[in-house]
>>> print(open('run-v4.txt').read())   # compact mmCIF, N, CA, C and O atoms
# COMPACT_ATOMS: atom_id res chain seq x y z
N MET A 174 17.46 -11.76 -0.74
CA MET A 174 16.10 -12.02 -1.19
C MET A 174 15.20 -12.18 0.03
O MET A 174 15.53 -12.86 0.98
N ASP A 175 14.06 -11.53 0.00
CA ASP A 175 13.09 -11.60 1.08
C ASP A 175 12.48 -13.00 1.11
O ASP A 175 12.00 -13.49 0.10
N GLY A 176 12.46 -13.63 2.28
CA GLY A 176 11.94 -14.98 2.40
C GLY A 176 10.46 -15.06 2.68
O GLY A 176 9.89 -16.13 2.69
N ASN A 177 9.81 -13.91 2.94
CA ASN A 177 8.38 -13.93 3.25
C ASN A 177 7.56 -14.19 1.99
O ASN A 177 7.92 -13.80 0.90
N VAL A 178 6.44 -14.84 2.22
CA VAL A 178 5.48 -15.09 1.15
C VAL A 178 4.29 -14.18 1.41
O VAL A 178 3.82 -14.06 2.54
N TYR A 179 3.80 -13.53 0.35
CA TYR A 179 2.68 -12.61 0.49
C TYR A 179 1.47 -13.14 -0.27
O TYR A 179 1.60 -13.78 -1.30
N LEU A 180 0.32 -12.86 0.27
CA LEU A 180 -0.95 -13.24 -0.33
C LEU A 180 -1.76 -11.97 -0.52
O LEU A 180 -1.55 -10.98 0.17
N LEU A 181 -2.71 -12.01 -1.44
CA LEU A 181 -3.51 -10.83 -1.73
C LEU A 181 -4.99 -11.16 -1.58
O LEU A 181 -5.48 -12.11 -2.18
N ALA A 182 -5.68 -10.37 -0.78
CA ALA A 182 -7.13 -10.47 -0.66
C ALA A 182 -7.71 -9.30 -1.45
O ALA A 182 -7.29 -8.16 -1.27
N THR A 183 -8.65 -9.60 -2.32
CA THR A 183 -9.26 -8.56 -3.14
C THR A 183 -10.73 -8.43 -2.79
O THR A 183 -11.37 -9.39 -2.39
N ASP A 184 -11.24 -7.23 -2.97
CA ASP A 184 -12.65 -6.97 -2.73
C ASP A 184 -13.37 -7.06 -4.07
O ASP A 184 -13.09 -6.27 -4.97
N PRO A 185 -14.28 -8.02 -4.25
CA PRO A 185 -14.94 -8.17 -5.55
C PRO A 185 -15.81 -6.96 -5.92
O PRO A 185 -16.12 -6.76 -7.09
N LYS A 186 -16.15 -6.12 -4.94
CA LYS A 186 -16.97 -4.94 -5.22
C LYS A 186 -16.15 -3.68 -5.44
O LYS A 186 -16.68 -2.65 -5.81
N ASN A 187 -14.84 -3.76 -5.17
CA ASN A 187 -13.98 -2.58 -5.32
C ASN A 187 -12.61 -3.06 -5.78
O ASN A 187 -11.81 -3.54 -4.97
N ALA A 188 -12.32 -2.87 -7.05
CA ALA A 188 -11.05 -3.33 -7.64
C ALA A 188 -9.84 -2.62 -7.04
O ALA A 188 -8.72 -3.09 -7.18
N CYS A 189 -10.06 -1.50 -6.39
CA CYS A 189 -8.95 -0.74 -5.81
C CYS A 189 -8.76 -1.03 -4.32
O CYS A 189 -8.02 -0.33 -3.66
N ARG A 190 -9.43 -2.01 -3.79
CA ARG A 190 -9.32 -2.25 -2.36
C ARG A 190 -8.69 -3.62 -2.10
O ARG A 190 -9.37 -4.57 -1.78
N ASP A 191 -7.40 -3.70 -2.25
CA ASP A 191 -6.66 -4.93 -1.98
C ASP A 191 -6.09 -4.88 -0.56
O ASP A 191 -5.86 -3.81 0.00
N VAL A 192 -5.84 -6.06 -0.01
CA VAL A 192 -5.13 -6.17 1.27
C VAL A 192 -4.01 -7.19 1.07
O VAL A 192 -4.25 -8.33 0.67
N ILE A 193 -2.79 -6.74 1.34
CA ILE A 193 -1.62 -7.60 1.27
C ILE A 193 -1.47 -8.28 2.63
O ILE A 193 -1.49 -7.60 3.66
N HIS A 194 -1.31 -9.60 2.63
CA HIS A 194 -1.11 -10.37 3.85
C HIS A 194 0.24 -11.07 3.77
O HIS A 194 0.57 -11.65 2.74
N SER A 195 0.97 -11.02 4.85
CA SER A 195 2.18 -11.85 4.95
C SER A 195 1.73 -13.22 5.45
O SER A 195 0.97 -13.31 6.42
N ARG A 196 2.18 -14.25 4.77
CA ARG A 196 1.81 -15.61 5.20
C ARG A 196 2.47 -15.97 6.52
O ARG A 196 1.90 -16.72 7.32
N ASP A 197 3.66 -15.45 6.77
CA ASP A 197 4.46 -15.89 7.90
C ASP A 197 4.44 -14.96 9.11
O ASP A 197 5.00 -15.31 10.15
N THR A 198 3.85 -13.78 8.96
CA THR A 198 3.79 -12.82 10.06
C THR A 198 2.39 -12.22 10.10
O THR A 198 1.60 -12.41 9.17
N PRO A 199 2.06 -11.45 11.14
CA PRO A 199 0.74 -10.83 11.21
C PRO A 199 0.58 -9.58 10.32
O PRO A 199 -0.46 -8.94 10.33
N LEU A 200 1.59 -9.25 9.54
CA LEU A 200 1.56 -8.03 8.73
C LEU A 200 0.40 -8.04 7.72
O LEU A 200 0.21 -9.01 6.99
N LYS A 201 -0.35 -6.93 7.72
CA LYS A 201 -1.40 -6.70 6.72
C LYS A 201 -1.30 -5.25 6.27
O LYS A 201 -1.09 -4.36 7.10
N ILE A 202 -1.47 -5.04 4.97
CA ILE A 202 -1.39 -3.69 4.41
C ILE A 202 -2.58 -3.48 3.48
O ILE A 202 -2.78 -4.25 2.54
N ARG A 203 -3.34 -2.43 3.74
CA ARG A 203 -4.47 -2.08 2.88
C ARG A 203 -3.96 -1.17 1.76
O ARG A 203 -3.16 -0.27 1.99
N VAL A 204 -4.44 -1.43 0.55
CA VAL A 204 -4.05 -0.67 -0.64
C VAL A 204 -5.21 0.23 -1.05
O VAL A 204 -6.35 -0.21 -1.12
N TYR A 205 -4.90 1.50 -1.31
CA TYR A 205 -5.90 2.47 -1.78
C TYR A 205 -5.46 3.02 -3.12
O TYR A 205 -4.29 3.37 -3.29
N CYS A 206 -6.38 3.13 -4.06
CA CYS A 206 -6.13 3.81 -5.33
C CYS A 206 -6.56 5.26 -5.13
O CYS A 206 -7.76 5.56 -5.10
N LEU A 207 -5.61 6.15 -4.97
CA LEU A 207 -5.94 7.52 -4.61
C LEU A 207 -6.61 8.30 -5.72
O LEU A 207 -7.22 9.33 -5.47
N ASP A 208 -6.55 7.81 -6.95
CA ASP A 208 -7.25 8.46 -8.06
C ASP A 208 -8.75 8.21 -7.98
O ASP A 208 -9.53 8.96 -8.56
N ASN A 209 -9.15 7.16 -7.25
CA ASN A 209 -10.55 6.74 -7.23
C ASN A 209 -11.24 6.87 -5.88
O ASN A 209 -12.46 6.73 -5.81
N GLU A 210 -10.49 7.05 -4.81
CA GLU A 210 -11.12 7.06 -3.50
C GLU A 210 -10.42 7.99 -2.53
O GLU A 210 -9.26 8.32 -2.68
N HIS A 211 -11.16 8.38 -1.49
CA HIS A 211 -10.65 9.25 -0.44
C HIS A 211 -9.87 8.41 0.56
O HIS A 211 -10.22 7.27 0.84
N PHE A 212 -8.82 8.98 1.12
CA PHE A 212 -7.97 8.26 2.05
C PHE A 212 -7.70 9.13 3.27
O PHE A 212 -7.21 10.25 3.14
N ASN A 213 -8.06 8.65 4.45
CA ASN A 213 -7.75 9.31 5.72
C ASN A 213 -6.73 8.47 6.46
O ASN A 213 -7.08 7.41 6.99
N PRO A 214 -5.47 8.89 6.50
CA PRO A 214 -4.44 8.10 7.17
C PRO A 214 -4.72 7.93 8.66
O PRO A 214 -5.14 8.87 9.34
N GLY A 215 -4.49 6.72 9.15
CA GLY A 215 -4.64 6.44 10.58
C GLY A 215 -3.38 6.89 11.32
O GLY A 215 -2.26 6.68 10.85
N GLU A 216 -3.56 7.49 12.49
CA GLU A 216 -2.43 8.03 13.24
C GLU A 216 -1.47 6.97 13.75
O GLU A 216 -0.28 7.20 13.86
N SER A 217 -1.96 5.79 14.06
CA SER A 217 -1.10 4.76 14.66
C SER A 217 -0.59 3.75 13.62
O SER A 217 -0.01 2.74 13.99
N GLU A 218 -0.80 4.03 12.36
CA GLU A 218 -0.38 3.12 11.30
C GLU A 218 0.72 3.75 10.45
O GLU A 218 0.94 4.96 10.48
N ILE A 219 1.39 2.92 9.66
CA ILE A 219 2.41 3.38 8.72
C ILE A 219 1.75 3.57 7.37
O ILE A 219 1.03 2.69 6.90
N GLN A 220 2.00 4.72 6.73
CA GLN A 220 1.51 4.97 5.39
C GLN A 220 2.69 5.23 4.46
O GLN A 220 3.60 5.98 4.82
N LEU A 221 2.66 4.60 3.31
CA LEU A 221 3.63 4.84 2.25
C LEU A 221 2.85 5.00 0.96
O LEU A 221 1.69 4.61 0.86
N TYR A 222 3.50 5.57 -0.05
CA TYR A 222 2.83 5.91 -1.31
C TYR A 222 3.69 5.46 -2.47
O TYR A 222 4.91 5.32 -2.34
N GLY A 223 3.06 5.29 -3.62
CA GLY A 223 3.82 4.92 -4.80
C GLY A 223 3.01 5.11 -6.06
O GLY A 223 1.79 4.93 -6.06
N TYR A 224 3.70 5.50 -7.13
CA TYR A 224 3.08 5.63 -8.45
C TYR A 224 3.33 4.37 -9.25
O TYR A 224 4.45 3.87 -9.31
N ALA A 225 2.28 3.86 -9.88
CA ALA A 225 2.38 2.77 -10.85
C ALA A 225 1.91 3.38 -12.16
O ALA A 225 0.71 3.53 -12.38
N GLY A 226 2.85 3.79 -12.98
CA GLY A 226 2.50 4.56 -14.17
C GLY A 226 1.96 5.90 -13.70
O GLY A 226 2.60 6.60 -12.93
N GLU A 227 0.76 6.24 -14.11
CA GLU A 227 0.11 7.49 -13.71
C GLU A 227 -0.77 7.33 -12.48
O GLU A 227 -1.32 8.30 -11.96
N LYS A 228 -0.93 6.12 -11.99
CA LYS A 228 -1.84 5.82 -10.89
C LYS A 228 -1.11 5.91 -9.55
O LYS A 228 -0.05 5.28 -9.37
N LEU A 229 -1.67 6.67 -8.61
CA LEU A 229 -1.07 6.83 -7.29
C LEU A 229 -1.76 5.90 -6.29
O LEU A 229 -2.99 5.86 -6.20
N TYR A 230 -0.95 5.16 -5.56
CA TYR A 230 -1.44 4.25 -4.53
C TYR A 230 -1.00 4.72 -3.15
O TYR A 230 0.09 5.28 -3.00
N ALA A 231 -1.84 4.46 -2.16
CA ALA A 231 -1.45 4.61 -0.75
C ALA A 231 -1.47 3.21 -0.15
O ALA A 231 -2.33 2.38 -0.47
N PHE A 232 -0.52 2.96 0.71
CA PHE A 232 -0.41 1.69 1.41
C PHE A 232 -0.45 1.99 2.90
O PHE A 232 0.35 2.79 3.38
N GLU A 233 -1.37 1.37 3.62
CA GLU A 233 -1.48 1.62 5.05
C GLU A 233 -1.54 0.29 5.80
O GLU A 233 -2.33 -0.59 5.46
N THR A 234 -0.71 0.19 6.82
CA THR A 234 -0.70 -1.02 7.63
C THR A 234 -2.01 -1.15 8.41
O THR A 234 -2.72 -0.16 8.63
N ILE A 235 -2.30 -2.37 8.81
CA ILE A 235 -3.48 -2.66 9.63
C ILE A 235 -2.98 -3.26 10.94
O ILE A 235 -2.38 -4.34 10.94
N ASP A 236 -3.17 -2.54 12.04
CA ASP A 236 -2.74 -3.01 13.36
C ASP A 236 -1.27 -3.43 13.35
O ASP A 236 -0.92 -4.54 13.76
N ILE A 237 -0.40 -2.53 12.92
CA ILE A 237 1.03 -2.83 12.77
C ILE A 237 1.66 -3.20 14.12
O ILE A 237 1.33 -2.61 15.15
N LYS A 238 2.50 -4.18 14.09
CA LYS A 238 3.31 -4.59 15.24
C LYS A 238 4.75 -4.14 14.97
O LYS A 238 5.20 -4.14 13.83
N ALA A 239 5.46 -3.78 16.02
CA ALA A 239 6.82 -3.28 15.87
C ALA A 239 7.71 -4.24 15.07
O ALA A 239 8.51 -3.82 14.24
N ASP A 240 7.54 -5.53 15.31
CA ASP A 240 8.37 -6.53 14.62
C ASP A 240 8.11 -6.58 13.11
O ASP A 240 8.95 -7.05 12.35
N ASP A 241 6.95 -6.11 12.68
CA ASP A 241 6.58 -6.19 11.26
C ASP A 241 6.94 -4.93 10.47
O ASP A 241 6.84 -4.93 9.25
N ALA A 242 7.34 -3.87 11.14
CA ALA A 242 7.58 -2.59 10.47
C ALA A 242 8.64 -2.69 9.37
O ALA A 242 8.49 -2.06 8.32
N LEU A 243 9.66 -3.48 9.58
CA LEU A 243 10.72 -3.60 8.57
C LEU A 243 10.28 -4.35 7.32
O LEU A 243 10.91 -4.24 6.28
N ASP A 244 9.21 -5.10 7.42
CA ASP A 244 8.73 -5.92 6.30
C ASP A 244 7.77 -5.16 5.38
O ASP A 244 7.44 -5.63 4.30
N VAL A 245 7.35 -3.96 5.79
CA VAL A 245 6.36 -3.21 5.02
C VAL A 245 6.85 -2.91 3.60
O VAL A 245 6.14 -3.13 2.63
N VAL A 246 8.07 -2.43 3.47
CA VAL A 246 8.60 -2.09 2.15
C VAL A 246 8.70 -3.32 1.26
O VAL A 246 8.36 -3.28 0.08
N ASN A 247 9.12 -4.45 1.82
CA ASN A 247 9.20 -5.68 1.03
C ASN A 247 7.83 -6.10 0.52
O ASN A 247 7.68 -6.55 -0.62
N ALA A 248 6.81 -5.96 1.35
CA ALA A 248 5.45 -6.31 0.94
C ALA A 248 4.97 -5.40 -0.18
O ALA A 248 4.34 -5.85 -1.14
N ILE A 249 5.28 -4.11 -0.09
CA ILE A 249 4.87 -3.17 -1.14
C ILE A 249 5.63 -3.45 -2.43
O ILE A 249 5.06 -3.40 -3.52
N ARG A 250 6.90 -3.79 -2.33
CA ARG A 250 7.67 -4.16 -3.53
C ARG A 250 7.07 -5.40 -4.19
O ARG A 250 6.99 -5.50 -5.40
N TRP A 251 6.65 -6.36 -3.38
CA TRP A 251 5.98 -7.55 -3.93
C TRP A 251 4.72 -7.14 -4.68
O TRP A 251 4.46 -7.61 -5.78
N TYR A 252 3.92 -6.27 -4.09
CA TYR A 252 2.68 -5.82 -4.72
C TYR A 252 2.98 -5.08 -6.03
O TYR A 252 2.28 -5.29 -7.03
N ALA A 253 3.99 -4.23 -6.02
CA ALA A 253 4.36 -3.50 -7.24
C ALA A 253 4.71 -4.47 -8.37
O ALA A 253 4.31 -4.27 -9.52
N THR A 254 5.42 -5.53 -8.06
CA THR A 254 5.73 -6.55 -9.05
C THR A 254 4.46 -7.26 -9.49
O THR A 254 4.26 -7.52 -10.68
N TYR A 255 3.58 -7.54 -8.54
CA TYR A 255 2.32 -8.22 -8.84
C TYR A 255 1.48 -7.42 -9.84
O TYR A 255 0.88 -7.98 -10.75
N ILE A 256 1.45 -6.09 -9.68
CA ILE A 256 0.65 -5.25 -10.59
C ILE A 256 1.46 -4.82 -11.82
O ILE A 256 1.05 -3.93 -12.55
N GLU A 257 2.61 -5.46 -12.00
CA GLU A 257 3.47 -5.26 -13.16
C GLU A 257 4.06 -3.85 -13.25
O GLU A 257 4.21 -3.28 -14.33
N HIS A 258 4.45 -3.32 -12.07
CA HIS A 258 5.17 -2.05 -11.99
C HIS A 258 6.31 -2.19 -10.98
O HIS A 258 6.36 -1.47 -9.98
N PRO A 259 7.25 -3.11 -11.25
CA PRO A 259 8.32 -3.35 -10.27
C PRO A 259 9.22 -2.14 -10.06
O PRO A 259 9.96 -2.08 -9.08
N GLU A 260 9.14 -1.16 -10.94
CA GLU A 260 9.97 0.04 -10.82
C GLU A 260 9.35 1.07 -9.88
O GLU A 260 9.91 2.15 -9.68
N MET A 261 8.21 0.76 -9.27
CA MET A 261 7.51 1.72 -8.40
C MET A 261 8.45 2.28 -7.34
O MET A 261 9.11 1.53 -6.62
N GLU A 262 8.51 3.59 -7.27
CA GLU A 262 9.26 4.25 -6.21
C GLU A 262 8.35 4.37 -5.00
O GLU A 262 7.22 4.86 -5.11
N ILE A 263 8.82 3.92 -3.87
CA ILE A 263 8.02 3.98 -2.65
C ILE A 263 8.35 5.28 -1.94
O ILE A 263 9.52 5.56 -1.65
N LEU A 264 7.32 6.07 -1.69
CA LEU A 264 7.48 7.41 -1.14
C LEU A 264 7.01 7.47 0.31
O LEU A 264 5.97 6.90 0.64
N PRO A 265 7.71 8.21 1.17
CA PRO A 265 7.32 8.28 2.58
C PRO A 265 6.15 9.25 2.84
O PRO A 265 5.49 9.15 3.86
N ASP A 266 5.91 10.18 1.92
CA ASP A 266 4.87 11.19 2.11
C ASP A 266 3.96 11.23 0.89
O ASP A 266 4.38 10.93 -0.23
N ASP A 267 2.74 11.67 1.12
CA ASP A 267 1.76 11.82 0.04
C ASP A 267 2.26 12.91 -0.91
O ASP A 267 2.39 14.06 -0.49
N PRO A 268 2.57 12.57 -2.16
CA PRO A 268 3.11 13.57 -3.07
C PRO A 268 2.09 14.65 -3.45
O PRO A 268 2.48 15.69 -3.97
N ARG A 269 0.84 14.45 -3.15
CA ARG A 269 -0.19 15.45 -3.47
C ARG A 269 -0.23 16.57 -2.45
O ARG A 269 -0.83 17.60 -2.70
N LEU A 270 0.38 16.42 -1.29
CA LEU A 270 0.28 17.41 -0.23
C LEU A 270 0.86 18.76 -0.62
O LEU A 270 0.45 19.78 -0.11
N GLY A 271 1.80 18.78 -1.54
CA GLY A 271 2.42 20.03 -1.96
C GLY A 271 1.64 20.75 -3.03
O GLY A 271 1.96 21.88 -3.40
N GLU A 272 0.57 20.14 -3.56
CA GLU A 272 -0.20 20.75 -4.63
C GLU A 272 -1.12 21.83 -4.07
O GLU A 272 -1.63 21.73 -2.97
N THR A 273 -1.33 22.87 -4.87
CA THR A 273 -2.27 23.92 -4.49
C THR A 273 -3.66 23.50 -4.96
O THR A 273 -3.84 23.13 -6.11
N ILE A 274 -4.60 23.59 -4.06
CA ILE A 274 -5.97 23.21 -4.38
C ILE A 274 -6.77 24.48 -4.62
O ILE A 274 -6.84 25.36 -3.76
N ALA A 275 -7.39 24.60 -5.79
CA ALA A 275 -8.20 25.79 -6.11
C ALA A 275 -9.51 25.74 -5.34
O ALA A 275 -10.13 24.69 -5.22
N VAL A 276 -9.91 26.89 -4.83
CA VAL A 276 -11.16 26.97 -4.06
C VAL A 276 -12.22 27.62 -4.91
O VAL A 276 -12.03 28.51 -5.66
>>> encode(input="run-v4.txt", output="structure tokens")
Amino acid sequence: MDGNVYLLATDPKNACRDVIHSRDTPLKIRVYCLDNEHFNPGESEIQLYGYAGEKLYAFETIDIKADDALDVVNAIRWYATYIEHPEMEILPDDPRLGETIAV
């Protein structure tokens, strides 16, 4: 069992803009609802993806430290349980990248 405690900061103006904070480490992860907003991955950050029902989320670290990299998946699993989708599969790549976009 993961011993870290996670907290959630929400943006009152954007229901899809949560930030997961680890209480015990400097880890922070920004949550994006990809159905509602554009996402440009940062080159120096870790990005993971997951579906909660039909809704696709992107998770991106904020100023990741090497010591916190192993805790990212645990934080996302906590968030998935928080949003009542504990079965969320965490994906290493954006599943939309393989789709053909009509011009």
>>> atom_distance(input="run-v4.txt", atom1="CA of Ile237 (chain A)", atom2="CA of Leu264 (chain A)")
18.4 Å
>>> atom_distance(input="run-v4.txt", atom1="CA of Glu227 (chain A)", atom2="CA of Asp244 (chain A)")
25.6 Å
>>> atom_distance(input="run-v4.txt", atom1="atom O of Cys189 (chain A)", atom2="atom N of Ser217 (chain A)")
19.7 Å
>>> residues_around(input="run-v4.txt", residues="region 197-204 of chain A", least_positions_apart="5", cutoff="4.5 Å", atoms="all atoms listed in the file", output="list in words")
Val178, Cys189, Arg190, Asp191, Val192, Ala231, Phe232, Glu233, Thr234 and Ile235 of chain A
>>> residues_around(input="run-v4.txt", residues="region 179-181 of chain A", least_positions_apart="5", cutoff="5 Å", atoms="all atoms listed in the file", output="MDAnalysis selection string")
chainID A and resid 192:196
>>> select_by_dssp(input="run-v4.txt", residues="region 224-264 of chain A", states="alpha helix (DSSP H)", output="number ranges by chain")
A: 245-255
>>> closest_residue(input="run-v4.txt", among="A:Lys238, A:Arg250, A:His211, A:His258", to="Tyr224 (chain A)", atoms="only C-alpha atoms")
A:His258
>>> select_by_dssp(input="run-v4.txt", residues="chain A", states="strand (DSSP E or B)", output="count of residues only")
36
>>> residues_near_point(input="run-v4.txt", point="(4.9, 5.8, 1.9)", cutoff="6 Å", atoms="all atoms listed in the file", output="number ranges by chain")
A: 220-223, 232, 263-266
>>> residues_around(input="run-v4.txt", residues="Ala225 (chain A)", least_positions_apart="5", cutoff="7 Å", atoms="only N, CA, C and O atoms", output="MDAnalysis selection string")
chainID A and resid 230 258 261:262
>>> build_atoms(input="run-v4.txt", residues="region 235-245 of chain A", atoms="all heavy atoms", output="JSON list (two decimals), in the coordinates of the input")
[["chain", "number", "residue", "atom", "x", "y", "z"],
["A", 235, "ILE", "N", -2.30, -2.37, 8.81],
["A", 235, "ILE", "CA", -3.48, -2.66, 9.63],
["A", 235, "ILE", "C", -2.98, -3.26, 10.94],
["A", 235, "ILE", "O", -2.38, -4.34, 10.94],
["A", 235, "ILE", "CB", -4.42, -3.66, 8.91],
["A", 235, "ILE", "CG1", -4.88, -3.10, 7.57],
["A", 235, "ILE", "CG2", -5.61, -4.01, 9.81],
["A", 235, "ILE", "CD1", -5.62, -4.11, 6.69],
["A", 236, "ASP", "N", -3.17, -2.54, 12.04],
["A", 236, "ASP", "CA", -2.74, -3.01, 13.36],
["A", 236, "ASP", "C", -1.27, -3.43, 13.35],
["A", 236, "ASP", "O", -0.92, -4.54, 13.76],
["A", 236, "ASP", "CB", -3.62, -4.16, 13.85],
["A", 236, "ASP", "CG", -5.06, -3.76, 14.02],
["A", 236, "ASP", "OD1", -5.33, -2.61, 14.39],
["A", 236, "ASP", "OD2", -5.94, -4.62, 13.76],
["A", 237, "ILE", "N", -0.40, -2.53, 12.92],
["A", 237, "ILE", "CA", 1.03, -2.83, 12.77],
["A", 237, "ILE", "C", 1.66, -3.20, 14.12],
["A", 237, "ILE", "O", 1.33, -2.61, 15.15],
["A", 237, "ILE", "CB", 1.79, -1.65, 12.12],
["A", 237, "ILE", "CG1", 3.23, -2.01, 11.78],
["A", 237, "ILE", "CG2", 1.73, -0.41, 12.98],
["A", 237, "ILE", "CD1", 3.38, -2.98, 10.67],
["A", 238, "LYS", "N", 2.50, -4.18, 14.09],
["A", 238, "LYS", "CA", 3.31, -4.59, 15.24],
["A", 238, "LYS", "C", 4.75, -4.14, 14.97],
["A", 238, "LYS", "O", 5.20, -4.14, 13.83],
["A", 238, "LYS", "CB", 3.28, -6.11, 15.41],
["A", 238, "LYS", "CG", 1.91, -6.73, 15.44],
["A", 238, "LYS", "CD", 1.17, -6.39, 16.70],
["A", 238, "LYS", "CE", -0.15, -7.12, 16.79],
["A", 238, "LYS", "NZ", -1.31, -6.38, 16.35],
["A", 239, "ALA", "N", 5.46, -3.78, 16.02],
["A", 239, "ALA", "CA", 6.82, -3.28, 15.87],
["A", 239, "ALA", "C", 7.71, -4.24, 15.07],
["A", 239, "ALA", "O", 8.51, -3.82, 14.24],
["A", 239, "ALA", "CB", 7.44, -2.99, 17.23],
["A", 240, "ASP", "N", 7.54, -5.53, 15.31],
["A", 240, "ASP", "CA", 8.37, -6.53, 14.62],
["A", 240, "ASP", "C", 8.11, -6.58, 13.11],
["A", 240, "ASP", "O", 8.95, -7.05, 12.35],
["A", 240, "ASP", "CB", 8.13, -7.92, 15.19],
["A", 240, "ASP", "CG", 8.65, -8.05, 16.62],
["A", 240, "ASP", "OD1", 9.43, -7.19, 17.05],
["A", 240, "ASP", "OD2", 8.26, -9.02, 17.29],
["A", 241, "ASP", "N", 6.95, -6.11, 12.68],
["A", 241, "ASP", "CA", 6.58, -6.19, 11.26],
["A", 241, "ASP", "C", 6.94, -4.93, 10.47],
["A", 241, "ASP", "O", 6.84, -4.93, 9.25],
["A", 241, "ASP", "CB", 5.08, -6.45, 11.11],
["A", 241, "ASP", "CG", 4.69, -7.80, 11.66],
["A", 241, "ASP", "OD1", 5.51, -8.73, 11.58],
["A", 241, "ASP", "OD2", 3.57, -7.91, 12.17],
["A", 242, "ALA", "N", 7.34, -3.87, 11.14],
["A", 242, "ALA", "CA", 7.58, -2.59, 10.47],
["A", 242, "ALA", "C", 8.64, -2.69, 9.37],
["A", 242, "ALA", "O", 8.49, -2.06, 8.32],
["A", 242, "ALA", "CB", 7.97, -1.52, 11.48],
["A", 243, "LEU", "N", 9.66, -3.48, 9.58],
["A", 243, "LEU", "CA", 10.72, -3.60, 8.57],
["A", 243, "LEU", "C", 10.28, -4.35, 7.32],
["A", 243, "LEU", "O", 10.91, -4.24, 6.28],
["A", 243, "LEU", "CB", 11.95, -4.27, 9.18],
["A", 243, "LEU", "CG", 12.64, -3.48, 10.29],
["A", 243, "LEU", "CD1", 13.77, -4.30, 10.90],
["A", 243, "LEU", "CD2", 13.14, -2.14, 9.79],
["A", 244, "ASP", "N", 9.21, -5.10, 7.42],
["A", 244, "ASP", "CA", 8.73, -5.92, 6.30],
["A", 244, "ASP", "C", 7.77, -5.16, 5.38],
["A", 244, "ASP", "O", 7.44, -5.63, 4.30],
["A", 244, "ASP", "CB", 8.05, -7.16, 6.85],
["A", 244, "ASP", "CG", 7.82, -8.23, 5.80],
["A", 244, "ASP", "OD1", 8.63, -8.32, 4.85],
["A", 244, "ASP", "OD2", 6.82, -8.96, 5.92],
["A", 245, "VAL", "N", 7.35, -3.96, 5.79],
["A", 245, "VAL", "CA", 6.36, -3.21, 5.02],
["A", 245, "VAL", "C", 6.85, -2.91, 3.60],
["A", 245, "VAL", "O", 6.14, -3.13, 2.63],
["A", 245, "VAL", "CB", 5.96, -1.91, 5.76],
["A", 245, "VAL", "CG1", 5.08, -1.03, 4.89],
["A", 245, "VAL", "CG2", 5.26, -2.24, 7.07]]
